[in-house]
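Worksheet for the structure shown next.
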Amino acid sequence: SGRVKADEYEKESVGDFALWKAYDPADGDVVWEPTFVVGGEKKVVRGRPGWHIECSVMASALLGDQLDVHLGGEDLKFPHHQNEIAQSEAATGKRPFVRMWMHRRHLLVDGAKMSKSKGNFYTLADVIARTGEGGARAFRYLVVTAHYATPIDFSWGGLEAAATTLRNLADARARFARIAGATAASKGGPAAEALAAFGERMDDDLDTSGAMAAVQGLVREWNRREKDGSLTPADAAAGVAVLDGADEALGLGLRVTRALTDAEQALVDARLAARARKDFAEADRLRAELGKTGVLVKDGKGGQEVSFS
């Protein structure tokens with residue numbers, strides 16, 4: 001039938017999916033000649049496996065007959081994952097094939113699915129070309145801090161907001177580390193509560209957004225204490241530990257460090273000179289230029305502070 005030839009079918013179809021596809025010249029060299037038992041007789045059937053079988057084969061070969069967690073996009077719930085279940089459980093006789101399914105909702109762009117025909121299809125290379133080297137990390141932050149069961153609506157404004165949040169977190173970690181120095185982290189208190197809340201949210205259906213909300217709450221409180229002079233070195237060290245824990249779990253890259261290139265150092269020096277002569281428009285232009293390569297310049301009490309996105 002047309003369904004079998006296309007290797008796809010609709011949910012309402014009464015037919016079964018194909019485990020083995022008879023040879024089609026369009027398959028080219030993708031062909032095997034195994035022997036099957038058909039109607040009690042051995043028979044060579046030239047063809048190829050149906051595409052759904054590949055995941056069952058790889059999973060059983062590498063992970064065993066039953067899996068604890070299986071991930072995938074929401075568009076794979078049917079037919080692909082349903083077919084994985086059917087063929088795996090039939091082949092092994094073990095149920096369930098998967099104990100927990102986690103399906104990622106779609107990534108939307110300005111409220112619609114990405115489509116080249118709509119002109120809203122972007123690659124990571126497009127993101128980096130438009131926003132600089134820090135764009136990839138900002139996109140990662142945008143995705144990883146949204147709950148997997150909710151769709152993500154990508155926009156350039158949202159990406160910039162994610163980049164700003166990421167910069168603020170990295171900046172907070174650097175400031176807390178300077179205040180802490182070599183002091184050991186304090187025990188208990190808001191930092192311990194934030195770290196515990198982070199773990200609880202991550203353990204509750206991988207609630208990354210709720211987990212990061214706990215971290216953000218601590219950062220806001222520590223920023224307030226730093227401003228009024230009540231943030232102790234021990235508490236600052238505890239704040240660093242909380243941020244490092246989130247960084248380790250989610251891969252946020254809050255401790256990105258590298259040496260400035262000669263060209264970047266020249267721009268940093270030129271910006272300092274521009275501010276000295278009160279040419280703030282030129283200083284802003286140079287800061288934006290540095291930002292394209294992931295170099296962040298902030299004016300503090302001690303002068304220019306350089307970090308990396």
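Ordered as shown in the structure tokens, chains take letters A, B, and onward, while each chain numbers its residues from 1 and ligands are numbered from 1 in the order shown.
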
* **Selection near A:Arg105, 9 Å with only C-alpha atoms, sequence-local residues under 3 positions removed, as a ChimeraX atom specification** => /A:73-75,148-152

Residues from last step as file, N, CA, C and O atoms, as a compact mmCIF listing (two decimals), in the first residue's frame:
```txt
# COMPACT_ATOMS: atom_id res chain seq x y z
N GLY A 73 11.33 13.94 20.97
CA GLY A 73 10.44 15.05 20.67
C GLY A 73 8.99 14.60 20.71
O GLY A 73 8.67 13.42 20.50
N GLU A 74 8.07 15.55 20.97
CA GLU A 74 6.67 15.19 21.09
C GLU A 74 6.10 14.62 19.80
O GLU A 74 5.14 13.84 19.82
N ASP A 75 6.71 14.96 18.66
CA ASP A 75 6.23 14.45 17.38
C ASP A 75 6.54 12.96 17.20
O ASP A 75 6.05 12.34 16.24
N TYR A 148 10.80 20.84 30.08
CA TYR A 148 10.75 20.07 28.83
C TYR A 148 9.31 19.84 28.34
O TYR A 148 9.07 19.64 27.15
N ALA A 149 8.33 19.88 29.24
CA ALA A 149 6.95 19.61 28.87
C ALA A 149 6.20 20.85 28.41
O ALA A 149 4.99 20.81 28.19
N THR A 150 6.90 21.97 28.26
CA THR A 150 6.28 23.20 27.74
C THR A 150 7.01 23.61 26.47
O THR A 150 8.23 23.48 26.38
N PRO A 151 6.30 24.11 25.48
CA PRO A 151 6.97 24.56 24.24
C PRO A 151 7.82 25.80 24.50
O PRO A 151 7.53 26.59 25.40
N ILE A 152 8.88 25.95 23.75
CA ILE A 152 9.73 27.13 23.84
C ILE A 152 9.45 28.01 22.63
O ILE A 152 9.48 27.54 21.49
```

* **Residues near stretch 41-56 of chain A, cut-off 12 Å, only C-alpha atoms, skip fewer than 4 positions along chain, as a PyMOL selection string** => chain A and resi 3-8+16-37+60-67+70-72+76-92+97-98

* Selection near A:Arg255, 9 Å with only C-alpha atoms, sequence-local residues under 3 positions removed, as a list in words -> Ala170, Arg173, Ala174, Asp244, Asp247, Leu252 and Phe308 of chain A

* To do: Can you check which residues of stretch 23-198 of chain A DSSP gives as strand (DSSP E) on the backbone and send them as a ChimeraX atom specification?
  => /A:35-38,41-44,47-49,67-73,98-104,107-109,112-113,152-154

Only N, CA and C atoms, please: the residues just picked out, written as a compact mmCIF listing (two decimals), in the first residue's frame.
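The file below, again17.txt, is the result:
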```txt
# COMPACT_ATOMS: atom_id res chain seq x y z
N THR A 35 16.99 -14.65 5.65
CA THR A 35 16.05 -15.74 5.50
C THR A 35 15.00 -15.67 6.60
N PHE A 36 13.73 -15.60 6.22
CA PHE A 36 12.63 -15.58 7.17
C PHE A 36 11.84 -16.87 7.04
N VAL A 37 11.09 -17.19 8.07
CA VAL A 37 10.15 -18.31 8.00
C VAL A 37 8.78 -17.73 7.70
N VAL A 38 8.26 -18.00 6.51
CA VAL A 38 6.97 -17.46 6.07
C VAL A 38 6.04 -18.62 5.78
N GLU A 41 7.65 -22.00 5.95
CA GLU A 41 8.74 -22.30 5.03
C GLU A 41 9.80 -21.20 5.09
N LYS A 42 11.07 -21.63 4.97
CA LYS A 42 12.15 -20.66 4.93
C LYS A 42 12.16 -19.95 3.57
N LYS A 43 12.33 -18.63 3.65
CA LYS A 43 12.25 -17.86 2.42
C LYS A 43 13.17 -16.65 2.51
N VAL A 44 13.97 -16.41 1.47
CA VAL A 44 14.82 -15.22 1.40
C VAL A 44 13.96 -14.06 0.94
N GLY A 47 15.29 -6.97 1.01
CA GLY A 47 14.71 -5.69 1.40
C GLY A 47 15.50 -5.03 2.51
N ARG A 48 14.78 -4.29 3.35
CA ARG A 48 15.42 -3.55 4.45
C ARG A 48 14.46 -3.47 5.63
N PRO A 49 14.98 -3.18 6.84
CA PRO A 49 14.08 -3.05 7.98
C PRO A 49 13.22 -1.79 7.86
N LEU A 67 14.32 -0.12 29.56
CA LEU A 67 14.96 1.16 29.81
C LEU A 67 14.26 1.89 30.95
N ASP A 68 15.03 2.62 31.73
CA ASP A 68 14.43 3.44 32.79
C ASP A 68 13.82 4.71 32.22
N VAL A 69 14.56 5.40 31.33
CA VAL A 69 14.09 6.68 30.78
C VAL A 69 14.35 6.70 29.27
N HIS A 70 13.37 7.13 28.52
CA HIS A 70 13.51 7.28 27.06
C HIS A 70 13.02 8.69 26.71
N LEU A 71 13.86 9.45 26.03
CA LEU A 71 13.51 10.82 25.66
C LEU A 71 13.25 10.92 24.16
N GLY A 72 12.60 12.03 23.77
CA GLY A 72 12.36 12.29 22.36
C GLY A 72 11.46 13.48 22.19
N GLY A 73 11.33 13.94 20.97
CA GLY A 73 10.44 15.05 20.67
C GLY A 73 8.99 14.60 20.71
N VAL A 98 9.80 0.62 28.40
CA VAL A 98 10.32 1.86 29.00
C VAL A 98 9.49 2.19 30.24
N ARG A 99 10.17 2.49 31.34
CA ARG A 99 9.47 2.82 32.58
C ARG A 99 9.02 4.28 32.62
N MET A 100 9.76 5.17 31.99
CA MET A 100 9.37 6.59 31.97
C MET A 100 9.69 7.20 30.60
N TRP A 101 8.69 7.76 29.98
CA TRP A 101 8.86 8.50 28.72
C TRP A 101 8.90 10.00 29.01
N MET A 102 9.81 10.71 28.38
CA MET A 102 9.88 12.17 28.51
C MET A 102 9.91 12.77 27.12
N HIS A 103 8.84 13.45 26.75
CA HIS A 103 8.73 14.01 25.41
C HIS A 103 8.90 15.53 25.43
N ARG A 104 9.88 16.01 24.70
CA ARG A 104 10.16 17.44 24.62
C ARG A 104 9.15 18.11 23.71
N LEU A 107 10.07 23.41 19.67
CA LEU A 107 10.68 24.74 19.66
C LEU A 107 9.95 25.56 18.60
N LEU A 108 9.30 26.62 19.04
CA LEU A 108 8.58 27.50 18.13
C LEU A 108 9.41 28.75 17.86
N VAL A 109 9.10 29.44 16.80
CA VAL A 109 9.74 30.72 16.49
C VAL A 109 8.63 31.74 16.30
N ALA A 112 5.24 30.10 15.99
CA ALA A 112 4.96 29.14 14.91
C ALA A 112 6.11 28.15 14.78
N LYS A 113 5.83 26.96 14.24
CA LYS A 113 6.87 25.98 14.01
C LYS A 113 7.87 26.52 12.99
N ILE A 152 8.88 25.95 23.75
CA ILE A 152 9.73 27.13 23.84
C ILE A 152 9.45 28.01 22.63
N ASP A 153 9.15 29.26 22.88
CA ASP A 153 8.89 30.21 21.79
C ASP A 153 10.13 31.07 21.61
N PHE A 154 10.92 30.75 20.60
CA PHE A 154 12.16 31.48 20.36
C PHE A 154 11.88 32.83 19.70
```

* **Per-residue DSSP, stretch 165-281 of chain A, filtered to helix (DSSP H, G or I), as an MDAnalysis selection string** => chainID A and resid 165:180 189:203 208:228 233:250 262:276 280:281

If you keep C-alpha atoms, can you produce a file of those selected residues as a compact mmCIF listing (two decimals), in the first residue's frame?
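As written to disk, out03.txt reads:
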```txt
# COMPACT_ATOMS: atom_id res chain seq x y z
CA THR A 165 20.47 36.67 32.62
CA LEU A 166 23.47 34.47 31.94
CA ARG A 167 25.82 37.46 32.12
CA ASN A 168 24.26 38.57 35.38
CA LEU A 169 24.71 35.11 36.90
CA ALA A 170 28.34 34.92 35.76
CA ASP A 171 28.96 38.43 37.07
CA ALA A 172 27.36 37.56 40.42
CA ARG A 173 29.52 34.47 40.76
CA ALA A 174 32.66 36.49 40.05
CA ARG A 175 31.70 39.15 42.61
CA PHE A 176 30.81 36.61 45.27
CA ALA A 177 34.10 34.80 44.66
CA ARG A 178 36.06 38.04 45.14
CA ILE A 179 34.24 38.75 48.41
CA ALA A 180 34.72 35.18 49.63
CA GLY A 189 20.90 29.49 55.99
CA PRO A 190 19.43 30.77 52.69
CA ALA A 191 22.22 29.28 50.55
CA ALA A 192 21.63 25.78 51.89
CA GLU A 193 17.88 26.25 51.43
CA ALA A 194 18.37 27.39 47.82
CA LEU A 195 20.61 24.41 47.05
CA ALA A 196 18.07 22.03 48.60
CA ALA A 197 15.24 23.66 46.61
CA PHE A 198 17.30 23.33 43.43
CA GLY A 199 17.67 19.60 44.02
CA GLU A 200 14.02 19.13 44.91
CA ARG A 201 12.83 20.87 41.74
CA MET A 202 15.26 18.91 39.55
CA ASP A 203 14.01 15.68 41.15
CA THR A 208 14.69 23.12 35.52
CA SER A 209 12.76 26.39 35.48
CA GLY A 210 11.74 25.95 39.13
CA ALA A 211 15.28 24.91 40.05
CA MET A 212 16.79 28.04 38.53
CA ALA A 213 14.13 30.19 40.21
CA ALA A 214 15.56 29.05 43.55
CA VAL A 215 19.06 30.03 42.44
CA GLN A 216 17.89 33.39 41.11
CA GLY A 217 16.15 34.12 44.39
CA LEU A 218 19.38 33.58 46.31
CA VAL A 219 21.35 35.75 43.88
CA ARG A 220 18.88 38.61 44.34
CA GLU A 221 19.17 38.33 48.13
CA TRP A 222 22.96 38.18 48.03
CA ASN A 223 23.07 41.18 45.67
CA ARG A 224 20.97 43.13 48.17
CA ARG A 225 23.25 42.14 51.03
CA GLU A 226 26.34 43.02 49.00
CA LYS A 227 24.89 46.45 48.29
CA ASP A 228 24.15 47.21 51.94
CA PRO A 233 32.74 36.23 52.98
CA ALA A 234 31.41 32.89 54.27
CA ASP A 235 27.94 33.54 52.84
CA ALA A 236 29.48 34.78 49.58
CA ALA A 237 31.39 31.49 49.34
CA ALA A 238 28.14 29.59 49.93
CA GLY A 239 26.57 31.61 47.10
CA VAL A 240 29.42 30.57 44.80
CA ALA A 241 28.79 26.94 45.75
CA VAL A 242 25.10 27.23 44.84
CA LEU A 243 25.89 28.77 41.45
CA ASP A 244 28.57 26.16 40.78
CA GLY A 245 26.10 23.40 41.64
CA ALA A 246 23.59 24.75 39.12
CA ASP A 247 26.37 25.22 36.59
CA GLU A 248 27.53 21.62 36.98
CA ALA A 249 24.00 20.25 36.64
CA LEU A 250 22.89 22.36 33.67
CA ASP A 262 45.88 41.25 21.00
CA ALA A 263 43.03 42.70 18.93
CA GLU A 264 40.58 42.47 21.84
CA GLN A 265 43.06 44.02 24.25
CA ALA A 266 43.51 46.91 21.83
CA LEU A 267 39.74 47.48 21.80
CA VAL A 268 39.59 47.32 25.62
CA ASP A 269 42.40 49.90 25.84
CA ALA A 270 40.72 52.09 23.22
CA ARG A 271 37.47 52.01 25.17
CA LEU A 272 39.26 53.04 28.36
CA ALA A 273 40.82 55.96 26.49
CA ALA A 274 37.42 56.94 25.04
CA ARG A 275 35.88 57.07 28.51
CA ALA A 276 38.82 59.10 29.79
CA PHE A 280 30.86 57.84 25.72
CA ALA A 281 29.33 57.13 22.31
```

* **Shell of 12 Å around A:Thr123, only C-alpha atoms, local chain residues under 3 positions omitted, as an MDAnalysis selection string** => chainID A and resid 109 114:116 120 126:130 135:136 139

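Among the candidate residues A:Lys187, A:Glu282, A:Ala138, A:Gly40, the one lying nearest to A:Gly251 is A:Ala138, with distances computed using only C-alpha atoms.
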